[in-house]
Every structure is written in structure tokens, then in C-alpha cells.
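Structure record follows, encoded as C-alpha cells.
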Amino acid sequence: MIRRRRLVRLHLTDDRPSFEGVLVSARGGHYRLANARVFAAEGESYALDGEQWIPKGRVLYVQVLG
């Protein structure tokens, strides 16, 4: 079985910046993103190194981009 990895944006609670990246997994209470970017303000984004682990409890909703 081949799993397709999706490009997602994680919108966080409490007006925290959003994260965008390739969703590698969603297990163990965390979303794991590769090639992640953080969106600090409208029109401002920064690339992050390595994988990012975002706790599911901080995520308001997951937007699938592709």
C-alpha cells in the first residue's frame, strides 16, 4: 500500500502562527511535518530546518492544501 503524503496547513489556537508542510504522520499526540514553514503574519513566512512536531492539543484545525 502506498500512502500519499499531503501538503497541509495547521492553524493553531490562541493566535499562534500557522505551520505549513508535508504531513508525515499524525500519531502519538503530535502532527509531524517535513519541509515546514511558519507563517508569522500575513505575507511573512519562514522556512524551518528538519521535521517539526506540533502537539495535537494546540491545533485548531488542519487545512489540506494538496
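Chain labels A, B, ... are given in the sequence in which chains occur in the C-alpha cells; within each chain residues are numbered consecutively from 1, and ligands are likewise numbered from 1 in the order shown.
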Leaving out range 30-42 of chain A and any residue of its chain fewer than 5 positions from it, which residues lie within 10 Å of it when counting only C-alpha atoms, given as a ChimeraX atom specification? /A:6-11,16-25,47-59,62
Would you output that residue set with N, CA, C and O atoms, as a compact mmCIF listing (two decimals), in the first residue's frame?
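Result went into again32.txt, see below:
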```
# COMPACT_ATOMS: atom_id res chain seq x y z
N ARG A 6 0.38 14.47 2.20
CA ARG A 6 -0.37 15.66 1.82
C ARG A 6 0.29 16.93 2.33
O ARG A 6 0.85 16.95 3.42
N LEU A 7 0.17 17.98 1.54
CA LEU A 7 0.58 19.31 1.97
C LEU A 7 -0.56 19.88 2.80
O LEU A 7 -1.70 19.92 2.35
N VAL A 8 -0.26 20.28 4.04
CA VAL A 8 -1.29 20.78 4.95
C VAL A 8 -0.84 22.08 5.60
O VAL A 8 0.35 22.40 5.64
N ARG A 9 -1.81 22.81 6.10
CA ARG A 9 -1.54 23.97 6.96
C ARG A 9 -2.24 23.71 8.27
O ARG A 9 -3.43 23.41 8.31
N LEU A 10 -1.49 23.80 9.37
CA LEU A 10 -2.04 23.60 10.70
C LEU A 10 -2.31 24.97 11.32
O LEU A 10 -1.39 25.76 11.51
N HIS A 11 -3.57 25.25 11.57
CA HIS A 11 -3.98 26.50 12.21
C HIS A 11 -4.03 26.25 13.71
O HIS A 11 -4.74 25.36 14.16
N ARG A 16 -1.62 31.80 17.62
CA ARG A 16 -0.25 31.39 17.31
C ARG A 16 -0.10 31.32 15.80
O ARG A 16 -1.07 31.15 15.08
N PRO A 17 1.14 31.43 15.29
CA PRO A 17 1.32 31.34 13.84
C PRO A 17 0.96 29.95 13.31
O PRO A 17 1.02 28.96 14.03
N SER A 18 0.60 29.90 12.03
CA SER A 18 0.27 28.64 11.37
C SER A 18 1.53 27.98 10.84
O SER A 18 2.51 28.64 10.54
N PHE A 19 1.46 26.65 10.72
CA PHE A 19 2.54 25.88 10.13
C PHE A 19 2.04 25.23 8.85
O PHE A 19 0.91 24.77 8.79
N GLU A 20 2.89 25.18 7.85
CA GLU A 20 2.56 24.51 6.60
C GLU A 20 3.69 23.56 6.27
O GLU A 20 4.86 23.88 6.46
N GLY A 21 3.33 22.37 5.79
CA GLY A 21 4.34 21.40 5.41
C GLY A 21 3.71 20.10 4.96
O GLY A 21 2.49 19.97 4.88
N VAL A 22 4.56 19.13 4.68
CA VAL A 22 4.11 17.81 4.26
C VAL A 22 3.82 16.99 5.51
O VAL A 22 4.69 16.82 6.36
N LEU A 23 2.59 16.52 5.62
CA LEU A 23 2.18 15.73 6.78
C LEU A 23 2.77 14.33 6.67
O LEU A 23 2.39 13.56 5.80
N VAL A 24 3.72 14.03 7.54
CA VAL A 24 4.39 12.73 7.54
C VAL A 24 3.58 11.73 8.36
O VAL A 24 3.37 10.60 7.94
N SER A 25 3.09 12.15 9.53
CA SER A 25 2.27 11.28 10.37
C SER A 25 1.47 12.11 11.35
O SER A 25 1.75 13.28 11.58
N ALA A 47 11.08 29.44 6.45
CA ALA A 47 11.35 28.01 6.34
C ALA A 47 12.02 27.53 7.62
O ALA A 47 12.81 28.25 8.23
N LEU A 48 11.69 26.32 8.02
CA LEU A 48 12.27 25.71 9.21
C LEU A 48 13.10 24.51 8.82
O LEU A 48 12.81 23.82 7.85
N ASP A 49 14.15 24.24 9.57
CA ASP A 49 15.02 23.10 9.32
C ASP A 49 14.46 21.85 9.98
O ASP A 49 13.89 21.91 11.06
N GLY A 50 14.65 20.71 9.33
CA GLY A 50 14.27 19.43 9.92
C GLY A 50 12.77 19.24 10.01
O GLY A 50 11.99 19.97 9.41
N GLU A 51 12.38 18.23 10.76
CA GLU A 51 10.96 17.95 10.98
C GLU A 51 10.43 18.76 12.15
O GLU A 51 11.17 19.05 13.08
N GLN A 52 9.16 19.08 12.09
CA GLN A 52 8.50 19.80 13.17
C GLN A 52 7.43 18.90 13.77
O GLN A 52 6.67 18.27 13.03
N TRP A 53 7.39 18.83 15.09
CA TRP A 53 6.39 18.05 15.81
C TRP A 53 5.47 19.04 16.52
O TRP A 53 5.90 19.74 17.42
N ILE A 54 4.21 19.10 16.12
CA ILE A 54 3.26 20.04 16.69
C ILE A 54 2.23 19.24 17.51
O ILE A 54 1.59 18.32 16.97
N PRO A 55 2.07 19.56 18.79
CA PRO A 55 1.09 18.84 19.62
C PRO A 55 -0.34 19.01 19.09
O PRO A 55 -0.75 20.12 18.74
N LYS A 56 -1.08 17.93 19.01
CA LYS A 56 -2.46 17.98 18.51
C LYS A 56 -3.35 18.88 19.35
O LYS A 56 -4.27 19.49 18.83
N GLY A 57 -3.06 19.01 20.63
CA GLY A 57 -3.86 19.85 21.51
C GLY A 57 -3.78 21.34 21.17
O GLY A 57 -4.63 22.11 21.58
N ARG A 58 -2.76 21.75 20.45
CA ARG A 58 -2.60 23.16 20.06
C ARG A 58 -3.18 23.47 18.69
O ARG A 58 -3.19 24.61 18.26
N VAL A 59 -3.63 22.44 17.97
CA VAL A 59 -4.13 22.62 16.61
C VAL A 59 -5.63 22.83 16.62
O VAL A 59 -6.39 22.00 17.13
N VAL A 62 -6.96 21.42 10.69
CA VAL A 62 -5.99 21.07 9.66
C VAL A 62 -6.61 21.38 8.30
O VAL A 62 -7.67 20.87 7.97
```
For CA of Leu12 in chain A and CA of Gln63 in chain A, quote the distance in Å rounded to one decimal. 11.1 Å
